[in-house]
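Below is data-v4.txt, holding compact mmCIF, C-alpha atoms.
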```txt
# COMPACT_ATOMS: atom_id res chain seq x y z
CA MET A 15 16.04 -5.78 19.15
CA SER A 16 12.90 -6.35 17.17
CA ILE A 17 9.82 -4.92 18.73
CA ILE A 18 7.64 -6.87 16.30
CA GLU A 19 8.71 -10.28 15.01
CA VAL A 20 6.48 -12.28 12.70
CA LYS A 21 7.54 -15.86 11.91
CA ASP A 22 6.03 -18.04 9.22
CA LEU A 23 2.64 -16.42 9.69
CA THR A 24 -0.26 -17.98 7.84
CA LYS A 25 -3.94 -17.11 7.92
CA VAL A 26 -6.56 -19.11 6.08
CA TYR A 27 -10.20 -18.11 6.10
CA GLY A 28 -13.15 -20.36 5.42
CA GLU A 29 -13.47 -24.13 5.40
CA LYS A 30 -13.32 -27.18 3.18
CA SER A 31 -13.69 -26.18 -0.46
CA ALA A 32 -14.13 -22.47 0.09
CA THR A 33 -10.90 -21.33 1.69
CA VAL A 34 -8.98 -18.10 1.14
CA THR A 35 -5.33 -17.90 2.12
CA ALA A 36 -4.91 -14.31 3.22
CA LEU A 37 -1.31 -14.72 4.42
CA LYS A 38 1.19 -17.36 3.37
CA SER A 39 4.21 -17.97 5.65
CA VAL A 40 5.01 -14.30 6.15
CA ASN A 41 8.18 -13.28 7.95
CA LEU A 42 8.70 -9.74 9.14
CA SER A 43 10.86 -7.94 11.63
CA VAL A 44 10.32 -4.37 12.85
CA GLU A 45 12.94 -2.60 14.94
CA LYS A 46 12.12 -0.21 17.75
CA GLY A 47 11.66 3.33 16.50
CA GLN A 48 10.90 2.43 12.89
CA PHE A 49 8.05 3.84 10.86
CA VAL A 50 6.97 1.02 8.56
CA ALA A 51 4.32 1.24 5.85
CA VAL A 52 2.70 -1.93 4.54
CA MET A 53 1.38 -1.68 1.00
CA GLY A 54 -0.10 -3.85 -1.68
CA PRO A 55 -3.10 -4.33 -3.96
CA SER A 56 -6.56 -4.99 -2.61
CA GLY A 57 -6.72 -8.43 -1.03
CA CYS A 58 -2.97 -8.80 -0.58
CA GLY A 59 -3.33 -9.49 3.15
CA LYS A 60 -2.04 -6.22 4.58
CA SER A 61 -4.98 -5.58 6.91
CA THR A 62 -4.95 -9.23 7.96
CA LEU A 63 -1.27 -8.88 8.86
CA LEU A 64 -1.98 -5.79 10.95
CA HIS A 65 -4.84 -7.49 12.78
CA LEU A 66 -2.71 -10.53 13.59
CA ILE A 67 0.14 -8.36 14.86
CA GLY A 68 -2.34 -6.42 16.97
CA GLY A 69 -3.73 -9.59 18.45
CA LEU A 70 -7.16 -8.73 17.07
CA ASP A 71 -7.25 -12.10 15.35
CA ARG A 72 -5.42 -15.40 15.74
CA PRO A 73 -3.26 -16.95 13.00
CA THR A 74 -3.85 -20.34 11.41
CA SER A 75 -0.16 -21.11 11.97
CA GLY A 76 3.08 -19.27 12.73
CA SER A 77 3.79 -16.77 15.49
CA VAL A 78 3.79 -13.12 16.42
CA PHE A 79 6.26 -11.79 18.99
CA ILE A 80 5.59 -8.40 20.54
CA ASP A 81 8.53 -7.01 22.50
CA GLY A 82 9.94 -10.53 22.69
CA LYS A 83 6.72 -12.17 23.88
CA ASP A 84 4.92 -14.81 21.80
CA ILE A 85 1.37 -13.51 21.84
CA SER A 86 -0.11 -16.84 20.72
CA THR A 87 0.70 -18.22 24.17
CA LEU A 88 -1.43 -15.57 25.85
CA LYS A 89 -4.95 -16.13 27.10
CA ASP A 90 -7.64 -13.75 25.86
CA ASP A 91 -7.53 -11.58 29.01
CA ASP A 92 -3.76 -11.28 28.94
CA LEU A 93 -3.82 -10.51 25.25
CA THR A 94 -6.40 -7.77 25.82
CA GLU A 95 -4.23 -6.29 28.54
CA LEU A 96 -1.11 -6.41 26.36
CA ARG A 97 -3.03 -4.66 23.62
CA ARG A 98 -4.23 -1.96 25.95
CA ARG A 99 -0.81 -1.36 27.54
CA LYS A 100 1.60 -1.78 24.67
CA MET A 101 -0.37 -0.93 21.56
CA GLY A 102 -2.31 1.99 20.23
CA PHE A 103 -4.71 1.58 17.30
CA VAL A 104 -5.73 4.11 14.68
CA PHE A 105 -8.43 3.17 12.19
CA GLN A 106 -9.68 4.57 8.90
CA PHE A 107 -13.07 5.64 10.25
CA PHE A 108 -11.71 7.12 13.50
CA ASN A 109 -13.95 4.89 15.68
CA LEU A 110 -14.66 7.58 18.29
CA LEU A 111 -17.68 7.31 20.58
CA PRO A 112 -20.16 9.95 19.37
CA VAL A 113 -21.58 10.68 22.83
CA LEU A 114 -18.21 11.47 24.39
CA SER A 115 -16.15 14.65 24.07
CA ALA A 116 -12.62 14.68 22.63
CA VAL A 117 -10.97 14.45 26.03
CA GLU A 118 -13.39 11.74 27.19
CA ASN A 119 -12.74 9.71 24.04
CA ALA A 120 -8.99 10.03 24.44
CA ALA A 121 -9.13 9.14 28.15
CA LEU A 122 -11.24 6.01 27.65
CA PRO A 123 -8.48 3.38 27.36
CA MET A 124 -6.96 4.51 30.68
CA ILE A 125 -10.34 4.60 32.42
CA LEU A 126 -11.01 1.05 31.19
CA ASP A 127 -7.65 0.10 32.67
CA GLY A 128 -8.72 1.28 36.10
CA VAL A 129 -7.03 4.67 36.16
CA LYS A 130 -8.95 7.41 38.05
CA PRO A 131 -10.97 9.56 35.62
CA GLU A 132 -9.26 12.86 36.61
CA ALA A 133 -5.79 11.45 36.06
CA ALA A 134 -6.89 9.81 32.80
CA ARG A 135 -8.43 13.07 31.56
CA ALA A 136 -5.28 15.03 32.44
CA GLN A 137 -3.17 12.59 30.47
CA ALA A 138 -5.67 12.72 27.59
CA ALA A 139 -5.58 16.53 27.59
CA LYS A 140 -1.79 16.44 27.41
CA TRP A 141 -1.83 14.25 24.31
CA LEU A 142 -4.61 16.28 22.71
CA GLU A 143 -2.57 19.44 23.26
CA LEU A 144 0.45 17.80 21.65
CA ASN A 145 -1.80 17.10 18.67
CA GLN A 146 -2.96 20.74 18.43
CA MET A 147 -6.40 19.90 19.80
CA GLY A 148 -6.01 21.75 23.10
CA ASP A 149 -8.81 24.21 22.27
CA ARG A 150 -11.29 21.48 21.34
CA LEU A 151 -11.18 19.24 24.40
CA THR A 152 -14.91 19.45 25.04
CA HIS A 153 -16.03 19.12 21.43
CA ARG A 154 -17.89 15.99 20.42
CA PRO A 155 -16.99 14.10 17.21
CA ASP A 156 -19.89 15.65 15.26
CA GLN A 157 -18.39 19.06 16.00
CA LEU A 158 -14.99 18.10 14.61
CA SER A 159 -13.66 17.77 11.06
CA GLY A 160 -12.31 14.43 9.81
CA GLY A 161 -8.73 15.48 10.39
CA GLU A 162 -9.55 16.67 13.92
CA GLN A 163 -11.33 13.41 14.75
CA GLN A 164 -8.29 11.47 13.62
CA ARG A 165 -6.07 13.65 15.84
CA VAL A 166 -8.32 12.68 18.78
CA ALA A 167 -7.99 9.04 17.73
CA ILE A 168 -4.20 9.37 17.67
CA ALA A 169 -4.21 11.02 21.11
CA ARG A 170 -6.38 8.16 22.35
CA ALA A 171 -3.93 5.67 20.88
CA LEU A 172 -1.02 7.34 22.69
CA VAL A 173 -2.66 8.02 26.05
CA SER A 174 -1.55 4.73 27.66
CA GLU A 175 2.00 5.45 26.48
CA PRO A 176 2.15 2.35 24.26
CA ILE A 177 5.36 1.14 22.64
CA MET A 178 3.76 0.99 19.22
CA LEU A 179 0.99 2.39 17.09
CA LEU A 180 -0.83 0.25 14.55
CA ALA A 181 -2.66 2.26 11.92
CA ASP A 182 -5.02 0.79 9.33
CA GLU A 183 -5.52 3.24 6.44
CA PRO A 184 -5.39 6.24 8.82
CA THR A 185 -5.88 8.74 5.97
CA GLY A 186 -8.37 6.70 3.97
CA ASN A 187 -11.25 8.94 4.96
CA LEU A 188 -9.48 12.32 4.76
CA ASP A 189 -8.85 14.96 2.10
CA SER A 190 -5.28 15.37 0.89
CA ARG A 191 -4.40 18.27 3.15
CA SER A 192 -5.60 16.53 6.32
CA SER A 193 -3.92 13.34 5.11
CA ASP A 194 -0.55 15.10 4.96
CA GLU A 195 -1.11 16.51 8.46
CA ILE A 196 -1.97 13.12 9.93
CA ALA A 197 0.99 11.46 8.20
CA SER A 198 3.20 14.22 9.63
CA ILE A 199 1.85 13.50 13.11
CA LEU A 200 2.53 9.79 12.72
CA ARG A 201 6.07 10.65 11.67
CA ARG A 202 6.40 12.78 14.81
CA VAL A 203 5.16 9.86 16.90
CA VAL A 204 8.33 8.10 15.76
CA THR A 205 10.93 10.86 15.50
CA LYS A 206 9.85 12.99 18.45
CA TRP A 207 8.00 10.66 20.80
CA GLY A 208 10.12 7.56 20.16
CA ARG A 209 7.38 5.03 19.34
CA THR A 210 7.27 2.43 16.60
CA VAL A 211 4.57 2.82 13.96
CA LEU A 212 3.23 0.17 11.60
CA MET A 213 0.83 1.62 9.05
CA VAL A 214 -1.22 -0.04 6.34
CA THR A 215 -1.90 2.32 3.46
CA HIS A 216 -2.68 2.32 -0.24
CA ASP A 217 -1.70 5.98 -0.65
CA PRO A 218 1.86 6.42 -2.01
CA ARG A 219 2.09 9.99 -0.81
CA ILE A 220 1.36 8.90 2.76
CA ALA A 221 3.63 5.85 2.57
CA ALA A 222 6.47 8.21 1.64
CA TYR A 223 6.43 9.60 5.20
CA ALA A 224 7.63 6.21 6.49
CA ASP A 225 11.24 4.95 6.82
CA ARG A 226 10.51 1.63 5.22
CA ILE A 227 7.88 0.03 2.98
CA VAL A 228 6.98 -3.65 3.01
CA PHE A 229 5.16 -4.73 -0.15
CA LEU A 230 2.68 -7.58 0.01
CA LYS A 231 1.09 -9.44 -2.87
CA ASP A 232 -1.17 -12.49 -2.70
CA GLY A 233 -0.40 -12.96 0.98
CA GLN A 234 3.38 -12.83 0.66
CA VAL A 235 6.13 -10.26 1.06
CA VAL A 236 7.44 -9.37 -2.40
CA ASP A 237 9.75 -6.52 -1.44
CA ASP A 238 11.03 -4.57 1.52
CA THR A 239 12.56 -1.13 0.88
CA LEU A 240 14.30 1.35 3.11
CA LEU A 241 13.33 4.86 2.02
CA GLU A 242 16.41 6.52 3.41
CA GLY A 243 19.96 5.26 2.93
CA GLY A 244 18.61 2.65 0.57
CA ASN A 245 21.94 0.97 0.04
CA SER A 246 22.56 0.04 3.65
CA ASP A 247 23.55 -3.48 4.60
CA ASN A 248 20.13 -4.14 6.04
CA SER A 249 18.41 -3.31 2.77
CA ARG A 250 20.80 -5.47 0.72
CA MET A 251 20.37 -8.39 3.12
CA VAL A 252 16.62 -8.10 2.88
CA LYS A 253 16.79 -7.89 -0.92
CA GLU A 254 18.85 -11.09 -1.05
CA LYS A 255 16.36 -12.84 1.21
CA VAL A 256 13.48 -11.74 -0.99
CA GLU A 257 15.27 -12.90 -4.16
CA GLN A 258 15.51 -16.37 -2.63
CA LEU A 259 11.73 -16.57 -2.36
CA MET B 25 15.77 27.36 -24.21
CA SER B 26 13.93 28.30 -21.02
CA VAL B 27 17.16 29.74 -19.60
CA ARG B 28 17.43 32.08 -22.58
CA TYR B 29 13.88 33.41 -22.23
CA SER B 30 14.17 33.67 -18.46
CA LEU B 31 17.20 35.91 -18.91
CA LEU B 32 15.15 38.12 -21.22
CA GLY B 33 12.47 38.22 -18.54
CA LEU B 34 14.97 39.16 -15.84
CA LEU B 35 16.31 41.95 -18.06
CA ALA B 36 12.75 43.16 -18.71
CA GLN B 37 12.60 43.90 -14.97
CA GLN B 38 15.79 46.02 -15.08
CA PRO B 39 19.21 46.14 -16.78
CA ARG B 40 21.66 43.84 -14.99
CA TYR B 41 25.32 42.99 -14.65
CA GLY B 42 26.44 39.70 -16.13
CA TYR B 43 27.45 38.16 -12.81
CA GLU B 44 24.05 39.00 -11.26
CA LEU B 45 22.10 37.15 -13.91
CA ARG B 46 23.02 33.60 -12.88
CA ALA B 47 22.11 34.26 -9.26
CA ALA B 48 18.88 35.95 -10.31
CA PHE B 49 17.99 33.01 -12.56
CA LEU B 50 18.62 30.45 -9.81
CA ALA B 51 16.52 32.44 -7.34
CA LEU B 52 13.70 32.46 -9.91
CA ALA B 53 13.98 28.75 -10.69
CA GLY B 54 13.98 27.58 -7.10
CA GLY B 55 17.62 27.04 -6.31
CA GLU B 56 20.56 25.07 -7.61
CA GLU B 57 19.04 21.73 -6.66
CA THR B 58 16.17 22.42 -9.04
CA TRP B 59 18.06 23.80 -12.04
CA GLU B 60 21.72 23.24 -12.75
CA VAL B 61 23.25 25.96 -14.94
CA LYS B 62 26.95 26.76 -15.25
CA PRO B 63 28.20 30.36 -15.46
CA ALA B 64 29.69 29.58 -18.89
CA GLN B 65 26.26 28.65 -20.18
CA ILE B 66 24.84 31.98 -19.03
CA TYR B 67 27.59 33.96 -20.77
CA THR B 68 27.34 31.98 -24.00
CA THR B 69 23.59 32.55 -24.05
CA LEU B 70 24.05 36.25 -23.38
CA ASN B 71 26.56 36.62 -26.20
CA ARG B 72 24.29 34.82 -28.65
CA MET B 73 21.44 37.13 -27.71
CA VAL B 74 23.67 40.17 -28.22
CA GLU B 75 24.48 38.85 -31.70
CA SER B 76 20.78 38.35 -32.44
CA GLY B 77 20.01 41.89 -31.31
CA LEU B 78 17.75 40.79 -28.46
CA ILE B 79 19.91 42.46 -25.83
CA GLU B 80 22.58 45.15 -25.70
CA LYS B 81 25.91 45.02 -23.97
CA ASN B 82 27.45 48.17 -22.49
CA SER B 83 30.46 48.90 -20.37
CA VAL B 84 29.95 50.92 -17.25
CA GLU B 85 32.88 52.88 -15.96
CA GLU B 86 33.66 52.49 -12.29
CA GLU B 87 36.18 54.53 -10.42
CA GLY B 88 39.19 52.53 -9.39
CA ALA B 89 37.75 49.24 -10.65
CA ASP B 90 37.50 47.28 -13.92
CA ASP B 91 34.69 48.34 -16.23
CA LYS B 92 31.64 46.21 -15.60
CA VAL B 93 29.44 44.92 -18.37
CA ILE B 94 25.76 45.72 -18.11
CA TYR B 95 23.04 44.12 -20.22
CA THR B 96 19.81 45.75 -21.37
CA LEU B 97 16.79 44.44 -23.24
CA THR B 98 16.08 45.78 -26.76
CA GLN B 99 12.60 46.17 -28.26
CA SER B 100 13.32 43.08 -30.33
CA GLY B 101 14.11 41.20 -27.13
CA ARG B 102 10.93 42.49 -25.53
CA ASP B 103 8.87 41.21 -28.48
CA GLU B 104 10.59 37.83 -28.34
CA LEU B 105 9.83 37.54 -24.61
CA GLN B 106 6.17 38.46 -25.11
CA ASN B 107 5.90 35.84 -27.84
CA TRP B 108 7.27 33.12 -25.53
CA LEU B 109 5.03 34.11 -22.64
CA SER B 110 1.90 34.11 -24.77
CA GLN B 111 2.32 30.49 -25.87
CA GLY B 112 1.49 27.30 -23.94
CA THR B 113 4.36 25.07 -22.83
CA LEU B 114 4.84 21.33 -23.12
CA ASP B 115 7.69 19.66 -21.25
CA ASP B 116 10.29 18.05 -23.48
CA PRO B 117 9.24 14.42 -23.89
CA GLN B 118 11.69 12.39 -21.88
CA GLN B 119 13.24 9.30 -23.33
CA ASP B 120 11.90 6.70 -20.96
CA ALA B 121 14.85 4.59 -19.81
CA PHE B 122 12.63 2.35 -17.74
CA PHE B 123 10.49 1.53 -20.76
CA LEU B 124 13.60 0.41 -22.65
CA LYS B 125 14.65 -1.78 -19.69
CA LEU B 126 11.21 -3.35 -19.61
CA MET B 127 11.21 -4.13 -23.34
CA LEU B 128 14.68 -5.67 -23.02
CA SER B 129 13.58 -7.76 -20.05
CA LEU B 130 10.91 -9.34 -22.24
CA GLU B 131 13.65 -10.53 -24.59
CA LEU B 132 16.30 -11.60 -22.08
CA PRO B 133 15.43 -14.64 -19.96
CA GLU B 134 17.90 -13.70 -17.23
CA ILE B 135 15.91 -10.56 -16.36
CA ASN B 136 12.65 -10.98 -14.50
CA PRO B 137 10.22 -8.24 -15.61
CA THR B 138 8.26 -8.43 -12.36
CA ARG B 139 11.45 -7.88 -10.37
CA LEU B 140 12.32 -4.98 -12.67
CA ILE B 141 8.98 -3.35 -12.00
CA GLN B 142 9.35 -3.83 -8.24
CA THR B 143 12.86 -2.34 -8.26
CA GLN B 144 11.51 0.66 -10.16
CA ARG B 145 8.64 0.98 -7.69
CA SER B 146 11.08 1.04 -4.75
CA THR B 147 13.23 3.65 -6.48
CA LEU B 148 10.20 5.87 -7.07
CA TYR B 149 9.19 5.55 -3.41
CA GLN B 150 12.68 6.52 -2.27
CA GLU B 151 12.48 9.60 -4.48
CA LEU B 152 8.97 10.39 -3.23
CA HIS B 153 10.28 10.16 0.33
CA ARG B 154 13.20 12.49 -0.49
CA ILE B 155 10.95 15.14 -2.03
CA THR B 156 8.32 14.86 0.70
CA THR B 157 11.07 15.41 3.29
CA LEU B 158 12.34 18.49 1.40
CA ARG B 159 8.81 19.84 1.09
CA ASP B 160 8.17 19.40 4.79
CA ARG B 161 11.10 21.71 5.60
CA LEU B 162 9.79 24.61 3.51
CA HIS B 163 7.78 27.39 5.14
CA PRO B 164 4.26 27.84 3.72
CA GLN B 165 4.31 31.54 4.62
CA THR B 166 7.45 32.40 2.66
CA GLU B 167 8.23 29.52 0.32
CA LEU B 168 4.87 28.59 -1.14
CA ALA B 169 6.12 28.77 -4.73
CA ARG B 170 8.78 26.15 -4.00
CA ILE B 171 6.25 24.03 -2.11
CA LEU B 172 4.03 24.05 -5.19
CA LEU B 173 6.98 23.00 -7.34
CA MET B 174 7.60 20.06 -4.98
CA ASP B 175 3.88 19.22 -5.19
CA LYS B 176 4.22 18.95 -8.95
CA ALA B 177 7.14 16.52 -8.60
CA ILE B 178 5.11 14.52 -6.06
CA MET B 179 2.11 14.31 -8.39
CA HIS B 180 4.31 13.13 -11.26
CA LEU B 181 5.75 10.40 -9.06
CA GLU B 182 2.27 9.35 -7.97
CA ALA B 183 1.29 9.08 -11.63
CA ASP B 184 4.42 7.02 -12.40
CA LEU B 185 3.56 4.66 -9.55
CA ARG B 186 0.01 4.24 -10.83
CA TRP B 187 1.40 3.45 -14.27
CA LEU B 188 3.63 0.75 -12.78
CA ASP B 189 0.61 -0.84 -11.08
CA MET B 190 -1.23 -0.82 -14.40
CA LEU B 191 1.79 -2.25 -16.19
CA GLU B 192 2.16 -5.04 -13.64
CA SER B 193 -1.47 -6.04 -13.95
CA ARG B 194 -1.17 -6.33 -17.76
CA LEU B 195 2.35 -7.70 -17.97
CA GLU B 196 1.27 -11.17 -18.99
CA GLU B 197 -0.72 -9.78 -21.91
CA VAL B 198 2.27 -7.73 -23.04
CA GLN B 199 4.53 -10.77 -22.81
CA ASN B 200 2.19 -12.80 -24.98
CA GLN B 201 2.06 -10.23 -27.77
CA PRO B 202 4.56 -10.25 -30.66
CA HIS B 203 7.73 -8.44 -29.63
CA PRO B 204 8.86 -5.36 -31.59
CA ARG B 205 11.12 -6.36 -34.48
CA PRO B 206 12.95 -3.91 -36.76
CA GLU B 207 12.05 -3.91 -40.44
CA LEU B 208 14.94 -5.35 -42.42
CA ARG B 209 15.49 -3.87 -45.84
CA PRO B 210 17.25 -5.98 -48.50
CA ARG B 211 20.85 -4.79 -49.06
CA GLY B 212 22.92 -4.64 -52.21
CA ARG B 213 21.86 -4.04 -55.79
CA PRO B 214 18.58 -5.46 -56.98
CA ALA B 215 18.89 -8.53 -59.20
CA LYS B 216 18.93 -7.90 -62.96
CA THR B 217 15.81 -8.84 -64.76
CA SER B 218 16.53 -9.34 -68.41
```

Any chance you could put this one into structure tokens?
Amino acid sequence: MSIIEVKDLTKVYGEKSATVTALKSVNLSVEKGQFVAVMGPSGCGKSTLLHLIGGLDRPTSGSVFIDGKDISTLKDDDLTELRRRKMGFVFQFFNLLPVLSAVENAALPMILDGVKPEAARAQAAKWLELNQMGDRLTHRPDQLSGGEQQRVAIARALVSEPIMLLADEPTGNLDSRSSDEIASILRRVVTKWGRTVLMVTHDPRIAAYADRIVFLKDGQVVDDTLLEGGNSDNSRMVKEKVEQL
Amino acid sequence: MSVRYSLLGLLAQQPRYGYELRAAFLALAGGEETWEVKPAQIYTTLNRMVESGLIEKNSVEEEGADDKVIYTLTQSGRDELQNWLSQGTLDDPQQDAFFLKLMLSLELPEINPTRLIQTQRSTLYQELHRITTLRDRLHPQTELARILLMDKAIMHLEADLRWLDMLESRLEEVQNQPHPRPELRPRGRPAKTS
């Protein structure tokens, strides 16, 4: 069963004579437990695709199904709740609150969801420990390195036990050693903790940690490659589909 | 050639039995997956070096067993090794099969050059994934040398991928330029001028 299903997705920005088509009838299917990287040149629509899948923006036409549910039919409040319960987000610039400690940052989504602060903090501490941040629970972001801040962000993304993680250039602001560590963690999120990860990246070295790469160009899917067992039926089927485009 | 000099290097450490040398070479090079070398190749190389006076071959008597052959480095071999070590090394230029495919695709209408580039890109990513996975399994405390070797392979693949991006962005320009044509020389005897 597909955990993410994108059908004929189109996003056009602007009006009248000044429009930009960021995505053009994109179709995509992600199975549960897959680690998918989305790549492509600047302006190819990869971040737009991630935002639409995450319900952070609405499409011009087409639909997004998360765990079988068409998210375009959801009202804003329901969409927000779905996002908080089923999805975890990881961004390039970490997006941590500077006044909160690591454990407070990681606990925030649960607290916003009405969970008691002590329970939320315990859950946050658990995920921070799993990310090797157990000895830095009380540190604030300005006391942490880039790699450490991103580990807090990943713990925060996992604290509500979401079914998927959406990452937008998660290593874009990190040196190569930290980048490898974060990519390793994201791989563990899939192989060890059983989530699905969809990651936008422009870094080939980081994309190589994924199971599958979807290539976008000018708002369309131009290729879809399995990185392991590349000659499987699924990969051939996808190749044939792409050749028809 | 590197195998030959590596054997000299291994013998510079200590004299060795023939059968040890292949194992010692593979341990040095990073394992069989990194460097394929058949036992026959090792023995042929050793014999050639004996003929050139770079190494010496001696039989060692063993009680109740066949005589074993032991190899030792000569002064000439030592000089040859030093010479090799003191020079810089350039990798053998590889004949680029992908480049040939690309040039052919410009001539044959049934092959789409963009598709060719994308297929190559996918292949490189599969290889990058394979090496990254191998690298991840190595222990930084005991296998750092092999990790660094994997890092080199990874960097080369990253460079190849960057080249493909560059190629793709300039493909149209390449297509519009005159295609390489061989120079044809006139055949047969030149006409008489009388």

key: Atomic distance CA of Asp225 (chain A) - CA of Ile141 (chain B), expressed in Å with one decimal   = 20.7 Å

Nearest candidate to chain A (options B:Gln142, B:Gln99, B:Thr68, B:Ser76; using only C-alpha atoms) =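 Nearest to chain A: B:Gln142.
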
remark   = Among B:Pro63, B:Pro210, B:Gly101, B:Gly77, Leu35 (chain B) is approached most closely, using only C-alpha atoms, by B:Gly101

For chain B, which residues have at least one atom within 8 Å of chain A, if we go by all atoms listed in the file? Write them as a compact mmCIF listing (two decimals) with C-alpha atoms, in the frame of the given file, please.
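The new file out.txt reads:
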```txt
# COMPACT_ATOMS: atom_id res chain seq x y z
CA GLN B 142 9.35 -3.83 -8.24
CA SER B 146 11.08 1.04 -4.75
CA TYR B 149 9.19 5.55 -3.41
CA GLN B 150 12.68 6.52 -2.27
CA LEU B 152 8.97 10.39 -3.23
CA HIS B 153 10.28 10.16 0.33
CA ARG B 154 13.20 12.49 -0.49
CA THR B 156 8.32 14.86 0.70
CA THR B 157 11.07 15.41 3.29
CA ILE B 178 5.11 14.52 -6.06
CA GLU B 182 2.27 9.35 -7.97
CA LEU B 185 3.56 4.66 -9.55
```

key: Close residues, region 137-153 of chain A itself excluded, 6 Å, all atoms listed in the file, min 2 positions apart in chain, as JSON, numbers by chain   = {"A": [115, 116, 117, 120, 121, 134, 135, 157, 169, 173]}

Filtering to C-alpha atoms, could you give me those residues as a short mmCIF file (atom, residue, chain, number, x, y, z; two decimals), in the coordinates of the input?
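What follows is the written file result15.cif:
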```cif
data_model
loop_
_atom_site.label_atom_id
_atom_site.label_comp_id
_atom_site.auth_asym_id
_atom_site.auth_seq_id
_atom_site.Cartn_x
_atom_site.Cartn_y
_atom_site.Cartn_z
CA SER A 115 -16.15 14.65 24.07
CA ALA A 116 -12.62 14.68 22.63
CA VAL A 117 -10.97 14.45 26.03
CA ALA A 120 -8.99 10.03 24.44
CA ALA A 121 -9.13 9.14 28.15
CA ALA A 134 -6.89 9.81 32.80
CA ARG A 135 -8.43 13.07 31.56
CA GLN A 157 -18.39 19.06 16.00
CA ALA A 169 -4.21 11.02 21.11
CA VAL A 173 -2.66 8.02 26.05
#
```

request  = Using CA of Lys62 (chain B) and CA of Arg46 (chain B) as the two end points, give the distance in Å to one decimal.
outcome  =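 Distance between the two atoms: 8.2 Å.
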
ask   = In Å, how far is it from CA of Ser86 (chain A) to CA of Arg72 (chain A)?
value =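 That distance, rounded to one decimal, is 7.4 Å.
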
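The residue that comes closest to Asn119 (chain A), out of A:Ile168, A:Ile17, A:Lys25, A:Ser159 and on the basis of all atoms listed in the file, is A:Ile168.
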
Residues near Gly69 (chain A), cut-off 8 Å, only C-alpha atoms, skip fewer than 3 positions along chain, as a tab-separated table (two decimals) with C-alpha atoms, in the coordinates of the input:
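Dumped to out-v5.tsv:
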```
chain	number	residue	atom	x	y	z
A	65	HIS	CA	-4.84	-7.49	12.78
A	66	LEU	CA	-2.71	-10.53	13.59
A	72	ARG	CA	-5.42	-15.40	15.74
A	85	ILE	CA	1.37	-13.51	21.84
A	93	LEU	CA	-3.82	-10.51	25.25
A	97	ARG	CA	-3.03	-4.66	23.62
```

inquiry  = For a quick check of your reading of the model, name the residues lying within 12 Å of the coordinate (-0.7, 2.9, 6.8), counting only C-alpha atoms, and write them as a PyMOL selection string.
reply    = chain A and resi 49-54+60-61+63-64+103-106+179-186+193+196-197+200-201+211-224+226-229

B:Leu114, B:Thr69, B:Leu32, B:Arg194 ranked by distance to Ser100 (chain B), top pick (using all atoms listed in the file) =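 Looking only at the distances to Ser100 (chain B), the closest residue turns out to be B:Leu32.
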
request  = Using only C-alpha atoms, find the one residue out of B:Ser129, B:Asn71, B:Gln65, B:Thr96 that sits nearest to Tyr41 (chain B).
outcome  =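 Among B:Ser129, B:Asn71, B:Gln65, B:Thr96, it is B:Thr96 that comes nearest to Tyr41 (chain B).
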
task = Excluding region 127-130 of chain A and any residue of its chain fewer than 6 positions from it, enumerate the residues within 9 Å of it, using only C-alpha atoms, and give them as a list in words.
result =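 Those residues are Glu95, Arg98 and Arg99 of chain A.
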